[in-house]
$ cat my_file09.tsv   # TSV, C-alpha atoms and all ligand atoms
chain	number	residue	atom	x	y	z
A	1	MET	CA	28.39	-10.84	39.09
A	2	ILE	CA	24.96	-9.46	39.68
A	3	ASP	CA	21.76	-10.95	38.39
A	4	VAL	CA	19.19	-8.20	38.48
A	5	SER	CA	16.50	-10.21	36.79
A	6	GLY	CA	15.32	-11.38	40.18
A	7	SER	CA	14.07	-14.61	38.67
A	8	ALA	CA	16.68	-17.13	39.75
A	9	LEU	CA	16.07	-17.10	43.46
A	10	PRO	CA	12.82	-16.04	45.08
A	11	THR	CA	13.07	-13.64	47.97
A	12	GLN	CA	11.66	-15.43	50.95
A	13	SER	CA	11.27	-15.10	54.63
A	14	VAL	CA	12.81	-17.76	56.79
A	15	THR	CA	10.25	-20.21	58.06
A	16	GLU	CA	12.00	-23.54	57.85
A	17	VAL	CA	13.85	-25.16	60.66
A	18	ASN	CA	15.89	-27.49	58.48
A	19	THR	CA	18.84	-25.26	57.86
A	20	ASN	CA	22.33	-25.68	56.53
A	21	THR	CA	25.36	-24.17	58.13
A	22	TRP	CA	27.79	-21.84	56.42
A	23	THR	CA	31.21	-23.20	55.62
A	24	ASN	CA	34.14	-21.51	53.95
A	25	GLY	CA	33.74	-21.63	50.18
A	26	ARG	CA	31.88	-19.93	47.33
A	27	HIS	CA	28.19	-19.21	47.98
A	28	MET	CA	25.46	-17.42	46.03
A	29	VAL	CA	23.66	-14.92	48.23
A	30	ARG	CA	20.84	-12.48	47.64
A	31	CYS	CA	20.90	-8.91	48.88
A	32	ALA	CA	17.76	-8.81	50.99
A	33	ARG	CA	17.96	-5.30	52.43
A	34	VAL	CA	19.94	-2.09	52.06
A	35	ILE	CA	20.03	0.22	55.07
A	36	ASP	CA	21.33	3.78	55.09
A	37	GLU	CA	23.47	4.04	58.21
A	38	THR	CA	24.92	7.52	57.65
A	39	HIS	CA	25.18	9.93	54.71
A	40	ASP	CA	27.90	7.77	53.12
A	41	VAL	CA	27.63	4.37	54.79
A	42	LYS	CA	25.20	1.59	53.87
A	43	THR	CA	24.56	-1.83	55.33
A	44	PHE	CA	23.81	-4.63	52.86
A	45	CYS	CA	22.03	-7.68	54.34
A	46	PHE	CA	22.26	-11.06	52.62
A	47	LEU	CA	20.25	-14.28	52.61
A	48	THR	CA	20.47	-17.50	50.64
A	49	GLU	CA	17.71	-19.39	48.88
A	50	GLN	CA	17.67	-22.17	51.45
A	51	PRO	CA	17.81	-21.00	55.03
A	52	VAL	CA	21.44	-21.11	55.94
A	53	LEU	CA	22.80	-20.51	59.41
A	54	PHE	CA	25.57	-17.99	58.85
A	55	PHE	CA	27.89	-19.10	61.61
A	56	PHE	CA	31.25	-17.42	61.64
A	57	LYS	CA	33.63	-16.00	64.21
A	58	PRO	CA	32.80	-12.35	64.99
A	59	GLY	CA	35.50	-10.27	63.30
A	60	GLN	CA	35.89	-12.47	60.21
A	61	PHE	CA	35.45	-11.31	56.62
A	62	VAL	CA	34.04	-12.42	53.28
A	63	THR	CA	35.19	-11.66	49.75
A	64	LEU	CA	32.65	-10.42	47.19
A	65	GLU	CA	32.98	-11.63	43.61
A	66	LEU	CA	31.83	-8.77	41.38
A	67	GLU	CA	31.94	-7.72	37.78
A	68	ILE	CA	32.54	-4.02	37.32
A	69	ASN	CA	32.85	-2.48	33.87
A	70	GLY	CA	33.21	-5.97	32.44
A	71	GLN	CA	36.15	-6.78	34.68
A	72	PRO	CA	36.11	-9.38	37.47
A	73	VAL	CA	36.79	-7.73	40.79
A	74	MET	CA	37.22	-9.39	44.18
A	75	ARG	CA	36.95	-7.30	47.33
A	76	SER	CA	36.92	-8.33	50.96
A	77	TYR	CA	34.78	-6.81	53.72
A	78	THR	CA	34.48	-7.71	57.37
A	79	ILE	CA	31.07	-8.90	58.46
A	80	SER	CA	29.26	-6.37	60.62
A	81	SER	CA	26.41	-8.58	61.84
A	82	SER	CA	26.80	-11.21	64.54
A	83	PRO	CA	26.48	-14.99	64.26
A	84	SER	CA	23.94	-14.62	67.07
A	85	THR	CA	21.50	-13.58	64.31
A	86	PRO	CA	22.52	-16.35	61.93
A	87	TYR	CA	19.75	-16.29	59.33
A	88	SER	CA	21.41	-13.46	57.45
A	89	PHE	CA	24.72	-11.64	57.47
A	90	SER	CA	25.52	-8.02	56.80
A	91	LEU	CA	28.30	-5.92	55.35
A	92	THR	CA	28.54	-2.25	56.20
A	93	ILE	CA	30.34	-0.31	53.49
A	94	LYS	CA	31.41	3.30	53.29
A	95	ARG	CA	31.45	5.17	50.02
A	96	VAL	CA	35.05	6.16	49.43
A	97	GLY	CA	36.05	9.05	47.19
A	98	GLY	CA	37.48	7.42	44.05
A	99	GLY	CA	36.84	3.95	45.49
A	100	LEU	CA	35.85	1.79	42.55
A	101	VAL	CA	34.19	-1.01	44.48
A	102	SER	CA	32.54	0.86	47.33
A	103	ASN	CA	31.03	3.41	44.95
A	104	TRP	CA	29.84	0.68	42.63
A	105	LEU	CA	28.18	-1.19	45.49
A	106	HIS	CA	26.47	1.96	46.76
A	107	ASP	CA	25.20	2.80	43.28
A	108	ASN	CA	24.38	-0.66	41.91
A	109	LEU	CA	23.76	-3.30	44.57
A	110	ASN	CA	20.05	-3.37	45.28
A	111	GLU	CA	17.59	-5.52	47.16
A	112	GLY	CA	16.99	-8.70	45.17
A	113	ASP	CA	20.39	-8.83	43.48
A	114	LEU	CA	22.43	-12.01	43.53
A	115	LEU	CA	26.15	-12.29	43.93
A	116	PRO	CA	28.78	-14.87	44.89
A	117	VAL	CA	30.71	-14.47	48.13
A	118	HIS	CA	33.73	-16.37	49.39
A	119	GLY	CA	34.42	-17.07	53.02
A	120	PRO	CA	34.00	-16.58	55.90
A	121	VAL	CA	37.63	-16.50	57.00
A	122	GLY	CA	39.99	-14.44	59.13
A	123	ASN	CA	42.14	-14.76	62.21
A	124	PHE	CA	40.94	-11.44	63.63
A	125	ASN	CA	38.08	-12.64	65.80
A	126	CYS	CA	37.06	-12.75	69.42
A	127	ILE	CA	36.44	-16.51	69.56
A	128	ASP	CA	40.07	-17.52	69.12
A	129	PHE	CA	41.18	-15.05	71.80
A	130	PRO	CA	38.75	-15.54	74.67
A	131	ALA	CA	38.97	-12.97	77.47
A	132	LYS	CA	36.96	-11.78	80.43
A	133	LYS	CA	37.66	-8.15	79.56
A	134	VAL	CA	38.03	-6.68	76.09
A	135	LEU	CA	38.83	-3.28	74.65
A	136	LEU	CA	37.18	-2.71	71.26
A	137	LEU	CA	38.77	0.15	69.34
A	138	SER	CA	37.59	1.41	65.98
A	139	GLY	CA	38.09	4.31	63.64
A	140	GLY	CA	35.54	5.21	60.97
A	141	VAL	CA	34.00	2.28	59.12
A	142	GLY	CA	36.59	0.04	60.79
A	143	ILE	CA	33.85	-0.31	63.36
A	144	THR	CA	32.35	-3.25	61.46
A	145	PRO	CA	34.30	-6.23	62.88
A	146	VAL	CA	34.33	-4.92	66.44
A	147	MET	CA	30.60	-4.19	66.15
A	148	SER	CA	30.15	-7.84	65.20
A	149	MET	CA	32.04	-8.78	68.37
A	150	ALA	CA	30.04	-6.37	70.54
A	151	ARG	CA	26.77	-7.64	69.11
A	152	TRP	CA	27.89	-11.22	69.76
A	153	TYR	CA	28.79	-10.53	73.40
A	154	TYR	CA	25.59	-8.52	73.90
A	155	ASP	CA	23.18	-10.93	72.18
A	156	THR	CA	24.57	-13.95	73.98
A	157	SER	CA	24.35	-12.22	77.39
A	158	SER	CA	28.05	-12.81	77.78
A	159	ASP	CA	29.67	-11.71	81.02
A	160	VAL	CA	32.64	-10.31	79.08
A	161	ASP	CA	33.34	-6.75	80.18
A	162	MET	CA	33.50	-4.51	77.10
A	163	VAL	CA	34.98	-1.09	76.68
A	164	PHE	CA	34.04	0.14	73.20
A	165	ILE	CA	35.84	3.27	71.99
A	166	HIS	CA	34.90	4.53	68.57
A	167	SER	CA	36.45	7.49	66.78
A	168	ALA	CA	34.71	9.30	63.93
A	169	ARG	CA	35.38	12.42	61.88
A	170	THR	CA	32.17	14.20	62.88
A	171	PRO	CA	29.00	13.31	64.83
A	172	MET	CA	27.31	12.66	61.48
A	173	ASP	CA	29.83	9.91	60.73
A	174	VAL	CA	29.15	7.74	63.78
A	175	VAL	CA	27.86	4.43	62.41
A	176	TYR	CA	25.35	2.48	64.58
A	177	HIS	CA	25.06	5.43	66.97
A	178	GLY	CA	21.54	4.54	68.13
A	179	GLU	CA	22.25	0.85	68.54
A	180	LEU	CA	25.48	1.43	70.46
A	181	THR	CA	23.75	3.85	72.81
A	182	ASN	CA	20.91	1.42	73.33
A	183	MET	CA	23.26	-1.49	74.12
A	184	CYS	CA	25.21	0.67	76.54
A	185	SER	CA	22.02	1.76	78.33
A	186	ARG	CA	20.77	-1.79	78.81
A	187	VAL	CA	23.67	-3.84	80.20
A	188	PRO	CA	26.23	-2.92	82.86
A	189	ASN	CA	29.20	-4.61	81.16
A	190	PHE	CA	29.14	-2.42	78.03
A	191	HIS	CA	31.04	0.86	78.37
A	192	LEU	CA	30.74	3.09	75.34
A	193	HIS	CA	32.94	6.07	74.52
A	194	LEU	CA	32.42	8.01	71.31
A	195	ILE	CA	35.04	10.46	70.08
A	196	SER	CA	34.44	12.95	67.28
A	197	GLU	CA	37.42	14.62	65.67
A	198	ARG	CA	35.38	17.77	65.13
A	199	GLU	CA	31.84	19.07	65.49
A	200	ALA	CA	29.26	19.24	62.73
A	201	ARG	CA	27.27	22.44	62.49
A	202	GLY	CA	23.76	21.99	63.84
A	203	VAL	CA	24.37	18.44	65.10
A	204	PRO	CA	24.35	18.06	68.90
A	205	TRP	CA	27.26	16.10	70.34
A	206	SER	CA	27.62	14.88	73.90
A	207	GLY	CA	30.64	12.63	73.28
A	208	TYR	CA	34.33	13.44	73.40
A	209	ARG	CA	36.16	15.77	71.02
A	210	GLY	CA	39.53	15.23	69.33
A	211	TYR	CA	41.51	12.02	69.11
A	212	PHE	CA	42.01	8.91	71.21
A	213	ASP	CA	45.04	9.97	73.24
A	214	GLN	CA	46.78	9.33	76.55
A	215	ALA	CA	44.35	11.40	78.62
A	216	LYS	CA	41.34	9.58	77.15
A	217	LEU	CA	43.04	6.19	77.53
A	218	ASP	CA	43.70	6.87	81.23
A	219	MET	CA	40.12	7.98	81.78
A	220	MET	CA	38.33	5.33	79.70
A	221	VAL	CA	40.49	2.26	80.29
A	222	PRO	CA	42.16	2.39	83.70
A	223	ASP	CA	42.48	-1.42	83.62
A	224	LEU	CA	44.07	-1.52	80.15
A	225	HIS	CA	46.56	-4.25	81.06
A	226	GLU	CA	43.77	-6.67	81.97
A	227	ARG	CA	42.15	-6.45	78.53
A	228	GLU	CA	42.38	-8.21	75.17
A	229	VAL	CA	42.46	-5.44	72.57
A	230	PHE	CA	40.75	-5.65	69.15
A	231	CYS	CA	41.38	-2.71	66.84
A	232	CYS	CA	40.22	-1.84	63.33
A	233	GLY	CA	40.39	1.35	61.34
A	234	PRO	CA	42.47	3.25	58.81
A	235	GLU	CA	46.22	2.59	58.95
A	236	PRO	CA	47.11	5.95	60.58
A	237	TYR	CA	44.51	5.29	63.27
A	238	MET	CA	45.84	1.82	64.02
A	239	ASP	CA	49.44	3.09	63.98
A	240	ALA	CA	48.50	5.77	66.52
A	241	VAL	CA	46.71	3.22	68.73
A	242	LYS	CA	49.68	0.86	68.62
A	243	ALA	CA	52.10	3.65	69.50
A	244	LEU	CA	49.88	4.66	72.41
A	245	LEU	CA	49.61	1.12	73.74
A	246	LYS	CA	53.35	0.52	73.40
A	247	ALA	CA	54.05	3.79	75.22
A	248	ASN	CA	51.96	2.35	78.05
A	249	ASN	CA	53.99	-0.88	78.06
A	250	PHE	CA	50.97	-2.88	76.95
A	251	ASN	CA	51.78	-6.52	76.18
A	252	MET	CA	51.19	-6.51	72.42
A	253	GLU	CA	50.53	-10.26	72.44
A	254	HIS	CA	47.06	-9.21	73.57
A	255	TYR	CA	46.64	-6.73	70.71
A	256	HIS	CA	44.83	-7.79	67.51
A	257	GLU	CA	44.12	-5.68	64.48
A	258	GLU	CA	42.32	-5.86	61.15
A	259	SER	CA	42.57	-3.58	58.18
A	260	PHE	CA	39.84	-5.03	56.00
A	261	GLY	CA	37.52	-2.21	57.10
A	262	SER	CA	39.16	-0.40	54.25
A	263	THR	CA	40.22	-3.22	51.99
A	264	PRO	CA	43.77	-2.80	50.82
A	265	ASP	CA	44.22	-1.91	47.18
A	266	SER	CA	47.83	-2.89	47.56
A	267	VAL	CA	47.94	-6.56	46.72
A	268	GLU	CA	49.62	-5.91	43.39
A	269	GLN	CA	52.06	-3.61	45.13
A	270	ASP	CA	52.86	-6.40	47.58
A	271	ALA	CA	53.87	-8.62	44.69
A	272	ILE	CA	56.10	-5.88	43.31
A	273	ASP	CA	57.64	-5.29	46.74
A	274	GLN	CA	58.29	-9.00	47.09
A	275	ALA	CA	59.88	-9.05	43.69
A	276	GLU	CA	62.19	-6.16	44.58
A	277	GLU	CA	63.10	-7.80	47.87
A	278	ALA	CA	63.86	-11.03	46.05
A	279	GLU	CA	66.16	-9.20	43.67
A	280	GLU	CA	68.10	-7.72	46.56
A	281	THR	CA	68.69	-11.09	48.21
A	282	LEU	CA	69.31	-12.95	44.99
A	283	ASP	CA	73.08	-12.55	45.11
A	284	ALA	CA	73.24	-14.05	48.58
A	285	VAL	CA	71.56	-17.30	47.61
A	286	ASN	CA	73.35	-20.30	46.22
A	287	SER	CA	72.12	-20.71	42.66
A	288	ALA	CA	71.63	-24.45	43.30
A	289	ASP	CA	68.79	-23.52	45.67
A	290	MET	CA	66.91	-21.52	43.04
A	291	LEU	CA	63.74	-22.91	41.50
A	292	THR	CA	62.62	-22.44	37.92
A	293	VAL	CA	59.09	-21.42	37.00
A	294	GLU	CA	58.20	-21.62	33.33
A	295	PHE	CA	55.22	-19.90	31.71
A	296	THR	CA	54.49	-21.70	28.44
A	297	GLU	CA	52.06	-19.27	26.76
A	298	ALA	CA	54.28	-16.28	27.50
A	299	GLY	CA	57.38	-18.28	26.52
A	300	LYS	CA	59.20	-17.02	29.60
A	301	SER	CA	60.86	-18.60	32.60
A	302	ILE	CA	62.49	-17.30	35.74
A	303	GLN	CA	64.38	-18.50	38.77
A	304	ILE	CA	62.91	-17.71	42.15
A	305	LEU	CA	63.96	-18.12	45.74
A	306	PRO	CA	62.69	-21.05	47.80
A	307	GLY	CA	59.49	-19.94	49.52
A	308	GLU	CA	58.42	-17.50	46.81
A	309	THR	CA	55.07	-18.04	45.14
A	310	VAL	CA	54.16	-18.70	41.53
A	311	HIS	CA	52.45	-15.30	41.55
A	312	THR	CA	55.69	-13.61	42.57
A	313	ALA	CA	57.49	-15.44	39.77
A	314	ALA	CA	55.00	-14.02	37.27
A	315	ALA	CA	55.30	-10.53	38.77
A	316	ASN	CA	59.09	-10.71	38.52
A	317	LEU	CA	58.64	-11.33	34.81
A	318	GLY	CA	56.29	-8.39	34.48
A	319	MET	CA	53.36	-10.72	33.85
A	320	HIS	CA	49.96	-9.88	35.24
A	321	ILE	CA	47.98	-12.59	36.99
A	322	PRO	CA	44.86	-11.04	38.56
A	323	LYS	CA	44.94	-11.20	42.34
A	324	ALA	CA	42.52	-10.02	45.02
A	325	CYS	CA	42.73	-11.56	48.47
A	326	GLY	CA	46.30	-12.88	48.30
A	327	MET	CA	45.28	-15.50	50.84
A	328	GLY	CA	43.91	-18.40	48.82
A	329	ILE	CA	40.29	-17.44	49.43
A	330	CYS	CA	38.87	-15.91	46.32
A	331	GLY	CA	40.24	-17.98	43.45
A	332	THR	CA	41.11	-14.93	41.32
A	333	CYS	CA	44.71	-15.98	40.79
A	334	LYS	CA	43.97	-19.52	39.58
A	335	VAL	CA	46.32	-20.86	36.91
A	336	LYS	CA	46.93	-24.28	35.41
A	337	LYS	CA	50.07	-26.18	36.32
A	338	THR	CA	51.14	-28.68	33.67
A	339	ALA	CA	54.29	-30.01	35.35
A	340	GLY	CA	56.13	-29.93	38.67
A	341	GLU	CA	54.96	-29.73	42.26
A	342	VAL	CA	53.90	-26.88	44.53
A	343	GLU	CA	52.89	-26.56	48.16
A	344	MET	CA	49.54	-24.80	48.09
A	345	ASN	CA	48.35	-23.22	51.34
A	346	HIS	CA	44.89	-22.08	50.40
A	347	ASN	CA	41.80	-21.10	52.37
A	348	GLY	CA	39.07	-22.72	50.34
A	349	GLY	CA	39.52	-20.69	47.16
A	350	ILE	CA	39.82	-23.74	44.92
A	351	THR	CA	37.75	-26.90	44.55
A	352	ASP	CA	39.07	-30.44	44.76
A	353	GLU	CA	37.98	-30.90	41.13
A	354	ASP	CA	40.12	-27.98	40.01
A	355	VAL	CA	43.09	-29.32	41.93
A	356	ALA	CA	42.57	-32.72	40.32
A	357	ASP	CA	42.56	-30.96	36.93
A	358	GLY	CA	45.94	-29.39	37.68
A	359	TYR	CA	44.85	-25.89	38.73
A	360	ILE	CA	46.59	-24.01	41.53
A	361	LEU	CA	46.12	-20.66	43.24
A	362	SER	CA	49.24	-18.78	42.27
A	363	CYS	CA	49.15	-16.41	45.28
A	364	CYS	CA	49.63	-19.20	47.79
A	365	SER	CA	51.48	-21.87	45.80
A	366	VAL	CA	55.18	-22.28	46.50
A	367	PRO	CA	57.13	-24.42	43.99
A	368	THR	CA	59.10	-27.32	45.42
A	369	GLY	CA	60.97	-27.87	42.17
A	370	HIS	CA	60.83	-26.92	38.49
A	371	VAL	CA	57.24	-25.92	37.73
A	372	VAL	CA	55.52	-25.33	34.41
A	373	ILE	CA	52.48	-23.06	34.23
A	374	GLU	CA	50.10	-22.75	31.28
A	375	LYS	CA	50.05	-18.97	31.12
B	401	LIG	S1	44.23	-13.89	45.06
B	401	LIG	FE1	42.55	-14.78	46.08
B	401	LIG	S2	43.06	-16.88	45.96
B	401	LIG	FE2	44.80	-15.95	45.17
$ encode --input "my_file09.tsv" --output "structure tokens"
Amino acid sequence: MIDVSGSALPTQSVTEVNTNTWTNGRHMVRCARVIDETHDVKTFCFLTEQPVLFFFKPGQFVTLELEINGQPVMRSYTISSSPSTPYSFSLTIKRVGGGLVSNWLHDNLNEGDLLPVHGPVGNFNCIDFPAKKVLLLSGGVGITPVMSMARWYYDTSSDVDMVFIHSARTPMDVVYHGELTNMCSRVPNFHLHLISEREARGVPWSGYRGYFDQAKLDMMVPDLHEREVFCCGPEPYMDAVKALLKANNFNMEHYHEESFGSTPDSVEQDAIDQAEEAEETLDAVNSADMLTVEFTEAGKSIQILPGETVHTAAANLGMHIPKACGMGICGTCKVKKTAGEVEMNHNGGITDEDVADGYILSCCSVPTGHVVIEK
């Protein structure tokens, strides 16, 4: 939800030293700056009213709570800034052809606007997987989480040896080109390799051409097996990277990937897939193990397999419960439970008060018996 009146929170520069720290939850933030990175990529920088130290693990993401065409929409984006500059945080977003949210943000989110964000969360980060040598791989706007990591290592004068390989469609699509080049020119432990799929007429290009392949891997990362690998980009890019690493017998325990660079639109599809899977295994399960979920307003009930969520139960019945993150972060899928017990594995998307009032997040709530939902 955007407040464009500009009256609720004054824009201010940070002068105070008494700051709060950022914890996972719902926060109102103000867009303080919009930066054009390339012809179709913008960086949105956010502040809060009170100076808040935006500490997070480089690579993590937040979920934006928006209202587009009168409909609530939740969308997650990895943070592109680094916690080493903690007085604001940034999201770098590419305009996607037909992309409802990215286009809306490019066209409507302006300096001064307010919006709620949820997070930060995410297991894809360089703090939980410490290493002396890392390989940062990105394709397109998937650069954002690995840029956060690179900025973190660089700003903190870390002695981590970084190889940063970024692939873009054309030289005009390289995000943070100037900053990356500058970082590479200033410290010896930052090794930058830029790859452009093709040239752009009239734009000089001194980087590599084509795709990240075996020859480039051999040349750019001769010590591959000594590195922790962090990869983000479109699915085909990450699939190609994984195939390349596996072909080189890389220990995939040291490979980490994130796909939030292009937020999946597939959460509803996941529910449908789960429902189909459940149907297939239904016959094999003893009916005594099945659990009943009842939806009072719809006047429907269904039996589900142990371990399936309330959201899946609704999907199996053809009922629509809005869902965004699918991870208990955003609160979109909240419903009221009037009877029965669930195990809810959420990530901060619901308050203690809501839980006390009987609400659950259907995406991450697994019934432990007969459950009744007011829906
Ligand atoms: S969909 Fe985000 S909490 Fe359930």
$ residues_around --input "my_file09.tsv" --residues "Leu135 in chain A" --least-positions-apart "3" --cutoff "7 Å" --atoms "only C-alpha atoms" --output "mmCIF file with C-alpha atoms, in the coordinates of the input"
data_model
loop_
_atom_site.group_PDB
_atom_site.id
_atom_site.type_symbol
_atom_site.label_atom_id
_atom_site.label_comp_id
_atom_site.auth_asym_id
_atom_site.auth_seq_id
_atom_site.Cartn_x
_atom_site.Cartn_y
_atom_site.Cartn_z
ATOM 1 C CA MET A 162 33.500 -4.510 77.100
ATOM 2 C CA VAL A 163 34.980 -1.090 76.680
ATOM 3 C CA PHE A 164 34.040 0.140 73.200
ATOM 4 C CA ARG A 227 42.150 -6.450 78.530
ATOM 5 C CA GLU A 228 42.380 -8.210 75.170
ATOM 6 C CA VAL A 229 42.460 -5.440 72.570
ATOM 7 C CA PHE A 230 40.750 -5.650 69.150
#
$ closest_residue --input "my_file09.tsv" --among "A:Met28, A:Val187, A:Val62, A:Leu114" --to "ligand LIG 401 (chain B)" --atoms "all atoms listed in the file"
A:Val62
$ closest_residue --input "my_file09.tsv" --among "A:Leu194, A:Gly140, A:Ile302, A:Ala131" --to "Glu226 in chain A" --atoms "all atoms listed in the file"
A:Ala131
$ residues_near_ligand --input "my_file09.tsv" --ligand "ligand LIG 401 (chain B)" --cutoff "7 Å" --atoms "only C-alpha atoms and all ligand atoms" --output "number ranges by chain"
A: 323-334, 349, 361-364
$ residues_near_point --input "my_file09.tsv" --point "(19.3, -12.6, 53.8)" --cutoff "7 Å" --atoms "only C-alpha atoms" --output "list of chain:residue names"
A:Arg30, A:Cys31, A:Ala32, A:Cys45, A:Phe46, A:Leu47, A:Thr48, A:Tyr87, A:Ser88, A:Phe89
$ residues_around --input "my_file09.tsv" --residues "His27 in chain A" --least-positions-apart "4" --cutoff "8 Å" --atoms "only C-alpha atoms" --output "PyMOL selection string"
chain A and resi 116-118
$ residues_around --input "my_file09.tsv" --residues "Gln60 in chain A" --least-positions-apart "2" --cutoff "7 Å" --atoms "only C-alpha atoms" --output "number ranges by chain"
A: 56-58, 78-79, 120-125, 145
$ write_last_selection --input "my_file09.tsv" --atoms "C-alpha atoms" --output "compact mmCIF listing (two decimals), in the frame of the given file"
# COMPACT_ATOMS: atom_id res chain seq x y z
CA PHE A 56 31.25 -17.42 61.64
CA LYS A 57 33.63 -16.00 64.21
CA PRO A 58 32.80 -12.35 64.99
CA THR A 78 34.48 -7.71 57.37
CA ILE A 79 31.07 -8.90 58.46
CA PRO A 120 34.00 -16.58 55.90
CA VAL A 121 37.63 -16.50 57.00
CA GLY A 122 39.99 -14.44 59.13
CA ASN A 123 42.14 -14.76 62.21
CA PHE A 124 40.94 -11.44 63.63
CA ASN A 125 38.08 -12.64 65.80
CA PRO A 145 34.30 -6.23 62.88
$ residues_near_point --input "my_file09.tsv" --point "(56.5, -14.4, 32.9)" --cutoff "8 Å" --atoms "all atoms listed in the file" --output "JSON, numbers by chain"
{"A": [294, 295, 298, 299, 300, 301, 302, 313, 314, 315, 316, 317, 318, 319]}
$ write_last_selection --input "my_file09.tsv" --atoms "C-alpha atoms" --output "PDB file, keeping the file's coordinate frame"
ATOM      1  CA  GLU A 294      58.200 -21.620  33.330  1.00  0.00           C
ATOM      2  CA  PHE A 295      55.220 -19.900  31.710  1.00  0.00           C
ATOM      3  CA  ALA A 298      54.280 -16.280  27.500  1.00  0.00           C
ATOM      4  CA  GLY A 299      57.380 -18.280  26.520  1.00  0.00           C
ATOM      5  CA  LYS A 300      59.200 -17.020  29.600  1.00  0.00           C
ATOM      6  CA  SER A 301      60.860 -18.600  32.600  1.00  0.00           C
ATOM      7  CA  ILE A 302      62.490 -17.300  35.740  1.00  0.00           C
ATOM      8  CA  ALA A 313      57.490 -15.440  39.770  1.00  0.00           C
ATOM      9  CA  ALA A 314      55.000 -14.020  37.270  1.00  0.00           C
ATOM     10  CA  ALA A 315      55.300 -10.530  38.770  1.00  0.00           C
ATOM     11  CA  ASN A 316      59.090 -10.710  38.520  1.00  0.00           C
ATOM     12  CA  LEU A 317      58.640 -11.330  34.810  1.00  0.00           C
ATOM     13  CA  GLY A 318      56.290  -8.390  34.480  1.00  0.00           C
ATOM     14  CA  MET A 319      53.360 -10.720  33.850  1.00  0.00           C
TER      15      MET A 319
END
$ atom_distance --input "my_file09.tsv" --atom1 "CA of Met183 in chain A" --atom2 "CA of Met149 in chain A"
12.8 Å
$ closest_residue --input "my_file09.tsv" --among "A:Val203, A:Leu100, A:Val34, A:Val342" --to "Gln71 in chain A" --atoms "only C-alpha atoms"
A:Leu100
$ closest_residue --input "my_file09.tsv" --among "A:Arg75, A:Arg33, A:His106, A:His166" --to "Gly233 in chain A" --atoms "all atoms listed in the file"
A:His166
$ decode --input "my_file09.tsv" --residues "range 362-373 of chain A" --atoms "N, CA and C atoms" --output "PDB file, in the first residue's frame"
ATOM      1  N   SER A 362      -1.907 -20.328   6.556  1.00  0.00           N
ATOM      2  CA  SER A 362      -2.292 -21.614   5.970  1.00  0.00           C
ATOM      3  C   SER A 362      -1.163 -22.253   5.170  1.00  0.00           C
ATOM      4  N   CYS A 363      -0.221 -21.461   4.665  1.00  0.00           N
ATOM      5  CA  CYS A 363       0.842 -22.024   3.815  1.00  0.00           C
ATOM      6  C   CYS A 363       1.823 -22.864   4.606  1.00  0.00           C
ATOM      7  N   CYS A 364       1.912 -22.612   5.912  1.00  0.00           N
ATOM      8  CA  CYS A 364       2.936 -23.312   6.695  1.00  0.00           C
ATOM      9  C   CYS A 364       2.334 -23.951   7.938  1.00  0.00           C
ATOM     10  N   SER A 365       1.031 -24.220   7.896  1.00  0.00           N
ATOM     11  CA  SER A 365       0.366 -24.861   9.030  1.00  0.00           C
ATOM     12  C   SER A 365      -0.061 -26.271   8.645  1.00  0.00           C
ATOM     13  N   VAL A 366       0.460 -27.229   9.377  1.00  0.00           N
ATOM     14  CA  VAL A 366       0.173 -28.640   9.114  1.00  0.00           C
ATOM     15  C   VAL A 366      -0.749 -29.165  10.213  1.00  0.00           C
ATOM     16  N   PRO A 367      -1.955 -29.604   9.866  1.00  0.00           N
ATOM     17  CA  PRO A 367      -2.877 -30.130  10.886  1.00  0.00           C
ATOM     18  C   PRO A 367      -2.288 -31.337  11.605  1.00  0.00           C
ATOM     19  N   THR A 368      -2.581 -31.431  12.899  1.00  0.00           N
ATOM     20  CA  THR A 368      -2.177 -32.620  13.652  1.00  0.00           C
ATOM     21  C   THR A 368      -3.413 -33.450  14.029  1.00  0.00           C
ATOM     22  N   GLY A 369      -4.555 -33.011  13.568  1.00  0.00           N
ATOM     23  CA  GLY A 369      -5.803 -33.717  13.809  1.00  0.00           C
ATOM     24  C   GLY A 369      -6.894 -33.037  12.989  1.00  0.00           C
ATOM     25  N   HIS A 370      -8.136 -33.286  13.350  1.00  0.00           N
ATOM     26  CA  HIS A 370      -9.259 -32.647  12.658  1.00  0.00           C
ATOM     27  C   HIS A 370      -9.201 -31.128  12.922  1.00  0.00           C
ATOM     28  N   VAL A 371      -9.227 -30.358  11.839  1.00  0.00           N
ATOM     29  CA  VAL A 371      -9.101 -28.903  11.975  1.00  0.00           C
ATOM     30  C   VAL A 371     -10.273 -28.222  11.297  1.00  0.00           C
ATOM     31  N   VAL A 372     -10.775 -27.164  11.941  1.00  0.00           N
ATOM     32  CA  VAL A 372     -11.883 -26.412  11.359  1.00  0.00           C
ATOM     33  C   VAL A 372     -11.411 -24.979  11.081  1.00  0.00           C
ATOM     34  N   ILE A 373     -11.648 -24.559   9.840  1.00  0.00           N
ATOM     35  CA  ILE A 373     -11.187 -23.238   9.405  1.00  0.00           C
ATOM     36  C   ILE A 373     -12.399 -22.397   9.036  1.00  0.00           C
TER      37      ILE A 373
END
